[in-house]
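Asks: This one is upload_32.pdb, PDB, C-alpha atoms.
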ATOM      1  CA  MET A  30      25.245 -42.865 113.458
ATOM      2  CA  PHE A  31      24.446 -46.473 112.711
ATOM      3  CA  ASP A  32      25.460 -48.585 109.763
ATOM      4  CA  GLU A  33      22.861 -48.103 107.049
ATOM      5  CA  ASP A  34      23.395 -51.711 105.945
ATOM      6  CA  GLU A  35      22.274 -53.080 109.320
ATOM      7  CA  ILE A  36      18.546 -53.784 109.477
ATOM      8  CA  ILE A  37      16.371 -53.794 112.590
ATOM      9  CA  GLU A  38      13.635 -56.377 112.155
ATOM     10  CA  PRO A  39      10.019 -55.360 112.950
ATOM     11  CA  ILE A  40       9.508 -58.470 115.117
ATOM     12  CA  ASP A  41      11.815 -60.251 117.576
ATOM     13  CA  MET A  42      11.618 -61.720 121.090
ATOM     14  CA  CYS A  43      10.211 -59.753 124.020
ATOM     15  CA  GLY A  44      12.118 -60.000 127.293
ATOM     16  CA  CYS A  45       9.347 -62.224 128.688
ATOM     17  CA  GLY A  46       9.949 -64.835 125.991
ATOM     18  CA  ASP A  47       6.845 -64.089 123.891
ATOM     19  CA  MET A  48       6.827 -62.567 120.432
ATOM     20  CA  GLY A  49       7.979 -58.946 120.586
ATOM     21  CA  TYR A  50       6.918 -56.109 118.296
ATOM     22  CA  LEU A  51       8.938 -52.984 117.649
ATOM     23  CA  THR A  52       7.647 -50.110 119.741
ATOM     24  CA  ALA A  53       9.072 -47.271 121.865
ATOM     25  CA  LYS A  54       9.419 -46.983 125.646
ATOM     26  CA  THR A  55      11.016 -44.831 128.308
ATOM     27  CA  ILE A  56      13.735 -46.955 129.901
ATOM     28  CA  PRO A  57      16.094 -46.497 132.872
ATOM     29  CA  ILE A  58      19.794 -46.037 132.271
ATOM     30  CA  ASP A  59      22.757 -46.165 134.663
ATOM     31  CA  LEU A  60      24.879 -43.021 134.687
ATOM     32  CA  ALA A  61      28.006 -42.099 136.583
ATOM     33  CA  HIS A  62      26.115 -39.307 138.387
ATOM     34  CA  GLY A  63      23.036 -41.444 139.210
ATOM     35  CA  PRO A  64      20.082 -43.220 137.609
ATOM     36  CA  GLY A  65      18.662 -41.670 134.448
ATOM     37  CA  ARG A  66      15.919 -42.163 131.883
ATOM     38  CA  VAL A  67      15.772 -42.136 128.092
ATOM     39  CA  ALA A  68      12.409 -41.656 126.371
ATOM     40  CA  ASN A  69      11.232 -43.065 123.022
ATOM     41  CA  VAL A  70      13.763 -45.917 122.929
ATOM     42  CA  PRO A  71      13.009 -48.524 120.217
ATOM     43  CA  VAL A  72      12.399 -51.880 121.929
ATOM     44  CA  TYR A  73      10.703 -55.208 121.283
ATOM     45  CA  HIS A  74       7.634 -55.696 123.497
ATOM     46  CA  CYS A  75       4.873 -58.317 123.479
ATOM     47  CA  ARG A  76       2.109 -55.654 123.784
ATOM     48  CA  ALA A  77       0.737 -57.194 126.983
ATOM     49  CA  ALA A  78      -0.276 -54.376 129.347
ATOM     50  CA  SER A  79       0.980 -56.302 132.381
ATOM     51  CA  CYS A  80       4.408 -57.116 130.891
ATOM     52  CA  GLN A  81       7.264 -54.935 132.116
ATOM     53  CA  GLU A  82       9.918 -56.797 130.104
ATOM     54  CA  TYR A  83      11.399 -55.808 126.750
ATOM     55  CA  THR A  84      14.390 -56.479 124.523
ATOM     56  CA  LEU A  85      16.713 -53.911 122.973
ATOM     57  CA  PRO A  86      17.865 -54.340 119.369
ATOM     58  CA  SER A  87      21.666 -54.623 119.403
ATOM     59  CA  LEU A  88      21.900 -51.500 117.261
ATOM     60  CA  VAL A  89      19.895 -49.552 119.841
ATOM     61  CA  SER A  90      22.027 -50.881 122.708
ATOM     62  CA  ARG A  91      25.164 -49.510 121.061
ATOM     63  CA  ARG A  92      23.490 -46.169 120.435
ATOM     64  CA  LEU A  93      22.407 -45.975 124.097
ATOM     65  CA  GLU A  94      26.041 -46.273 125.157
ATOM     66  CA  VAL A  95      26.810 -43.139 123.146
ATOM     67  CA  ILE A  96      23.771 -41.340 124.573
ATOM     68  CA  ALA A  97      24.810 -42.287 128.122
ATOM     69  CA  GLU A  98      28.267 -40.800 127.565
ATOM     70  CA  GLN A  99      26.716 -37.578 126.315
ATOM     71  CA  MET A 100      24.342 -37.430 129.302
ATOM     72  CA  GLU A 101      27.283 -37.856 131.678
ATOM     73  CA  GLU A 102      29.217 -35.108 129.933
ATOM     74  CA  GLU A 103      26.236 -32.754 130.232
ATOM     75  CA  ARG A 104      25.322 -33.951 133.759
ATOM     76  CA  ILE A 105      21.690 -34.528 132.807
ATOM     77  CA  LYS A 106      19.475 -37.423 133.896
ATOM     78  CA  GLU A 107      16.698 -37.331 131.292
ATOM     79  CA  THR A 108      16.779 -37.174 127.523
ATOM     80  CA  THR A 109      15.026 -38.498 124.419
ATOM     81  CA  TYR A 110      16.429 -41.159 122.129
ATOM     82  CA  THR A 111      17.814 -39.867 118.826
ATOM     83  CA  TRP A 112      19.984 -41.354 116.107
ATOM     84  CA  GLU A 113      22.240 -38.300 115.911
ATOM     85  CA  ASN A 114      24.183 -36.451 118.586
ATOM     86  CA  LYS A 115      22.650 -33.186 119.685
ATOM     87  CA  GLN A 116      24.404 -30.056 118.536
ATOM     88  CA  GLU A 117      23.038 -28.089 121.471
ATOM     89  CA  SER A 118      21.838 -29.285 124.867
ATOM     90  CA  THR A 119      19.411 -27.942 127.433
ATOM     91  CA  HIS A 120      19.350 -28.564 131.190
ATOM     92  CA  ASP A 121      15.880 -27.069 131.633
ATOM     93  CA  LYS A 122      13.734 -29.451 129.581
ATOM     94  CA  LEU A 123      13.785 -32.582 127.472
ATOM     95  CA  PRO A 124      14.925 -32.145 123.875
ATOM     96  CA  GLU A 125      12.541 -32.503 120.952
ATOM     97  CA  PRO A 126      11.091 -36.054 120.792
ATOM     98  CA  ALA A 127      12.747 -38.503 118.451
ATOM     99  CA  LEU A 128       9.313 -39.123 116.934
ATOM    100  CA  ALA A 129       8.815 -35.493 115.886
ATOM    101  CA  PRO A 130       8.898 -34.727 112.156
ATOM    102  CA  LEU A 131      12.263 -34.415 110.448
ATOM    103  CA  LEU A 132      12.068 -30.893 109.134
ATOM    104  CA  HIS A 133      15.385 -30.952 107.320
ATOM    105  CA  THR A 134      15.813 -34.331 105.675
ATOM    106  CA  ASN A 135      18.005 -35.291 102.763
ATOM    107  CA  ASP A 136      19.337 -38.417 101.096
ATOM    108  CA  GLN A 137      22.082 -38.806 103.709
ATOM    109  CA  ILE A 138      19.657 -39.363 106.601
ATOM    110  CA  PRO A 139      19.088 -43.131 106.867
ATOM    111  CA  LEU A 140      15.615 -44.345 106.087
ATOM    112  CA  GLN A 141      15.615 -46.334 109.312
ATOM    113  CA  ALA A 142      15.773 -43.140 111.353
ATOM    114  CA  PHE A 143      12.947 -41.650 109.295
ATOM    115  CA  THR A 144      10.610 -44.618 109.734
ATOM    116  CA  PHE A 145      11.372 -44.826 113.470
ATOM    117  CA  GLN A 146       9.679 -41.425 113.861
ATOM    118  CA  PHE A 147       6.342 -43.155 113.474
ATOM    119  CA  VAL A 148       6.616 -45.706 116.293
ATOM    120  CA  ASN A 149       3.433 -45.471 118.438
ATOM    121  CA  ARG A 150       2.192 -42.405 116.561
ATOM    122  CA  GLN A 151      -1.529 -41.601 116.761
ATOM    123  CA  TYR A 152      -3.366 -39.430 114.246
ATOM    124  CA  GLU A 153      -6.931 -38.207 114.656
ATOM    125  CA  ASP A 154      -8.300 -40.900 112.334
ATOM    126  CA  ALA A 155      -5.538 -43.525 112.271
ATOM    127  CA  ARG A 156      -2.851 -45.177 114.376
ATOM    128  CA  VAL A 157       0.488 -46.727 113.464
ATOM    129  CA  VAL A 158       0.277 -50.504 113.903
ATOM    130  CA  GLN A 159       3.569 -51.678 112.411
ATOM    131  CA  ILE A 160       6.812 -50.303 111.067
ATOM    132  CA  VAL A 161       9.434 -52.071 109.012
ATOM    133  CA  PRO A 162      12.549 -49.964 109.670
ATOM    134  CA  GLY A 163      13.853 -48.320 106.530
ATOM    135  CA  GLN A 164      11.087 -49.801 104.408
ATOM    136  CA  ALA A 165       7.463 -49.210 105.412
ATOM    137  CA  VAL A 166       4.949 -47.834 107.915
ATOM    138  CA  PHE A 167       1.448 -49.328 108.355
ATOM    139  CA  PHE A 168      -1.571 -47.383 109.607
ATOM    140  CA  GLN A 169      -4.964 -48.675 110.794
ATOM    141  CA  SER A 170      -8.035 -46.475 110.450
ATOM    142  CA  LYS A 171      -9.812 -45.528 113.677
ATOM    143  CA  LEU A 172     -13.050 -45.161 111.711
ATOM    144  CA  GLU A 173     -13.034 -48.611 110.082
ATOM    145  CA  GLU A 174     -10.881 -51.266 111.734
ATOM    146  CA  THR A 175     -10.449 -53.332 108.557
ATOM    147  CA  GLU A 176      -9.111 -50.312 106.630
ATOM    148  CA  TYR A 177      -5.321 -49.956 106.479
ATOM    149  CA  TYR A 178      -2.845 -47.637 104.800
ATOM    150  CA  LEU A 179       0.809 -48.085 103.977
ATOM    151  CA  ILE A 180       3.726 -45.888 102.996
ATOM    152  CA  ARG A 181       6.494 -47.973 101.445
ATOM    153  CA  TYR A 182       9.914 -46.909 100.251
ATOM    154  CA  GLU A 183      10.268 -47.102  96.474
ATOM    155  CA  GLU A 184      13.819 -47.280  95.154
ATOM    156  CA  ASP A 185      14.022 -45.475  91.823
ATOM    157  CA  THR A 186      17.410 -44.535  90.432
ATOM    158  CA  ARG A 187      15.770 -42.646  87.577
ATOM    159  CA  THR A 188      14.495 -39.825  89.788
ATOM    160  CA  GLU A 189      16.100 -37.589  92.386
ATOM    161  CA  GLY A 190      15.205 -37.736  96.066
ATOM    162  CA  ILE A 191      13.535 -40.387  98.205
ATOM    163  CA  TRP A 192      10.126 -41.655  97.117
ATOM    164  CA  PHE A 193       7.348 -43.608  98.825
ATOM    165  CA  SER A 194       4.282 -45.393  97.511
ATOM    166  CA  PHE A 195       1.115 -44.491  99.454
ATOM    167  CA  GLN A 196      -1.254 -47.465  99.453
ATOM    168  CA  LYS A 197      -4.610 -48.530 100.895
ATOM    169  CA  PHE A 198      -6.004 -51.992 101.601
ATOM    170  CA  TYR A 199      -8.636 -53.842 103.619
ATOM    171  CA  TYR A 200      -7.512 -56.606 105.965
ATOM    172  CA  GLU A 201     -10.103 -58.555 107.955
ATOM    173  CA  GLU A 202      -7.902 -60.714 110.174
ATOM    174  CA  PRO A 203      -8.117 -59.584 113.842
ATOM    175  CA  ASP A 204      -4.336 -59.549 114.384
ATOM    176  CA  PHE A 205      -2.125 -57.722 111.906
ATOM    177  CA  THR A 206       1.388 -59.135 111.473
ATOM    178  CA  TYR A 207       3.976 -58.299 108.856
ATOM    179  CA  GLU A 208       4.604 -61.950 107.960
ATOM    180  CA  ASP A 209       0.924 -62.596 107.284
ATOM    181  CA  PHE A 210       0.681 -59.362 105.327
ATOM    182  CA  LEU A 211       3.526 -60.358 102.996
ATOM    183  CA  GLU A 212       1.836 -63.647 102.133
ATOM    184  CA  TRP A 213      -1.599 -62.045 101.810
ATOM    185  CA  SER A 214      -0.440 -59.080  99.691
ATOM    186  CA  ASP A 215       0.979 -61.381  97.023
ATOM    187  CA  ASP A 216      -2.594 -61.799  95.791
ATOM    188  CA  GLY A 217      -2.795 -58.144  94.705
ATOM    189  CA  HIS A 218      -5.026 -56.604  97.405
ATOM    190  CA  LEU A 219      -3.231 -53.235  97.516
ATOM    191  CA  LYS A 220      -4.497 -50.050  95.893
ATOM    192  CA  GLU A 221      -1.911 -47.372  95.237
ATOM    193  CA  LEU A 222      -3.121 -43.874  96.068
ATOM    194  CA  GLY A 223      -0.031 -42.191  94.666
ATOM    195  CA  LYS A 224       3.709 -41.699  94.925
ATOM    196  CA  ILE A 225       5.103 -39.041  97.255
ATOM    197  CA  THR A 226       8.522 -37.704  98.124
ATOM    198  CA  LEU A 227       9.940 -37.973 101.625
ATOM    199  CA  GLU A 228       9.292 -34.266 102.120
ATOM    200  CA  GLU A 229       5.617 -34.770 101.228
ATOM    201  CA  VAL A 230       4.982 -37.676 103.619
ATOM    202  CA  GLU A 231       3.991 -35.633 106.678
ATOM    203  CA  GLU A 232       1.633 -33.313 104.779
ATOM    204  CA  THR A 233       0.029 -36.280 103.002
ATOM    205  CA  LEU A 234      -0.606 -38.160 106.250
ATOM    206  CA  ILE A 235      -2.077 -35.113 107.977
ATOM    207  CA  ASP A 236      -4.350 -34.453 104.983
ATOM    208  CA  GLU A 237      -5.516 -38.078 105.118
ATOM    209  CA  PHE A 238      -5.733 -38.708 108.880
ATOM    210  CA  GLY A 239      -5.714 -35.305 110.612
ATOM    211  CA  ASP A 240      -3.124 -34.005 113.064
ATOM    212  CA  TRP A 241      -1.084 -36.327 115.263
ATOM    213  CA  ALA A 242      -0.422 -36.187 118.971
TER     214      ALA A 242
END
Translate this file's structure into structure tokens.

Replies:
Amino acid sequence: MFDEDEIIEPIDMCGCGDMGYLTAKTIPIDLAHGPGRVANVPVYHCRAASCQEYTLPSLVSRRLEVIAEQMEEERIKETTYTWENKQESTHDKLPEPALAPLLHTNDQIPLQAFTFQFVNRQYEDARVVQIVPGQAVFFQSKLEETEYYLIRYEEDTRTEGIWFSFQKFYYEEPDFTYEDFLEWSDDGHLKELGKITLEEVEETLIDEFGDWA
């Protein structure tokens, strides 16, 4: 498991030298028993369809070393990126995706791992456009391109559990970036739809946007 005090930034440099945005890719990995692949690996990519380059956050690179050791022990060549070691392995199929819902979550599971579930996720009526690991997830409506939603971690020592603020806003700039959003949101453009617990996040998003694929 990673250090909860270490933060992965939402934006860094892509391998091509352009600005890179946090996303997820299937990447090759060298194993003692041959070449392998790991799916859903968090990387920085410039979003250009023709660009094959990317950069790994240092935290992810260290985690991949652990995953590679486990793959070599199990003699498998394909797996899916996770933040925790598997308790059971399968040689017949890939394990559950790292982006699948956390069905058993508690205060000990780092918020970074929870927010990483949403990288590249598509709902029927919305898509994830930005995540800030451990802090927030941004959604853009597929029905109205200037309509956005946000779930943001709310630290509250007065209540038990992990809480998020569910918010809605309209943003008319063609390119959404977290830096621009921070400056723009200072003017009070956000409308809070409610506060929800971590366990209520998935149900709330499905109610709002439909099922995800």

Asks: Could you write out as JSON, numbers by chain the residues that the PyMOL selection byres ((chain A and resi 57-73) around 6) matches in the shown file?

Replies: {"A": [43, 49, 50, 51, 52, 53, 54, 55, 56, 74, 83, 84, 85, 106, 107, 108, 109, 110]}

Asks: From (3.1, -57.9, 113.2), in the file's coordinates, out to 9 Å: which residues are reached, counting all atoms listed in the file? Answer as a PyMOL selection string.

Replies: chain A and resi 39-40+49-51+158-160+204-210

Asks: For the structure shown, which residues end up in the PyMOL selection byres ((chain A and resi 139-144) around 6)? Put them as a VMD selection string, please?

Replies: chain A and resid 138 145 to 147 162 to 163

Asks: If you apply the PyMOL selection byres ((chain A and resi 183) around 8) to this file, what residues do you get, as a PyMOL selection string?

Replies: chain A and resi 181-182+184-185+191-194

Asks: Need to verify the contact set: Phe168 (chain A), 8 Å, only C-alpha atoms, exclusion of same-chain residues closer than 2 positions in sequence. Can you return it as a CSV table (one decimal) with C-alpha atoms, in the coordinates of the input?

Replies:
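File around.csv, as written:
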chain,number,residue,atom,x,y,z
A,155,ALA,CA,-5.5,-43.5,112.3
A,156,ARG,CA,-2.9,-45.2,114.4
A,157,VAL,CA,0.5,-46.7,113.5
A,158,VAL,CA,0.3,-50.5,113.9
A,159,GLN,CA,3.6,-51.7,112.4
A,166,VAL,CA,4.9,-47.8,107.9
A,170,SER,CA,-8.0,-46.5,110.4
A,177,TYR,CA,-5.3,-50.0,106.5
A,178,TYR,CA,-2.8,-47.6,104.8
A,179,LEU,CA,0.8,-48.1,104.0

Asks: Go ahead and compute the interatomic distance for CA of Pro86 (chain A) and CA of Gly44 (chain A), in Å to one decimal.

Replies: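 Between these atoms lies a distance of 11.3 Å.
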
Asks: Taking into account only C-alpha atoms, which residue in the set A:Glu94, A:Glu102, A:Glu212, A:Glu229 is nearest to Ile180 (chain A)?

Replies: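 Between A:Glu94, A:Glu102, A:Glu212, A:Glu229, the residue approaching Ile180 (chain A) most closely is A:Glu229.
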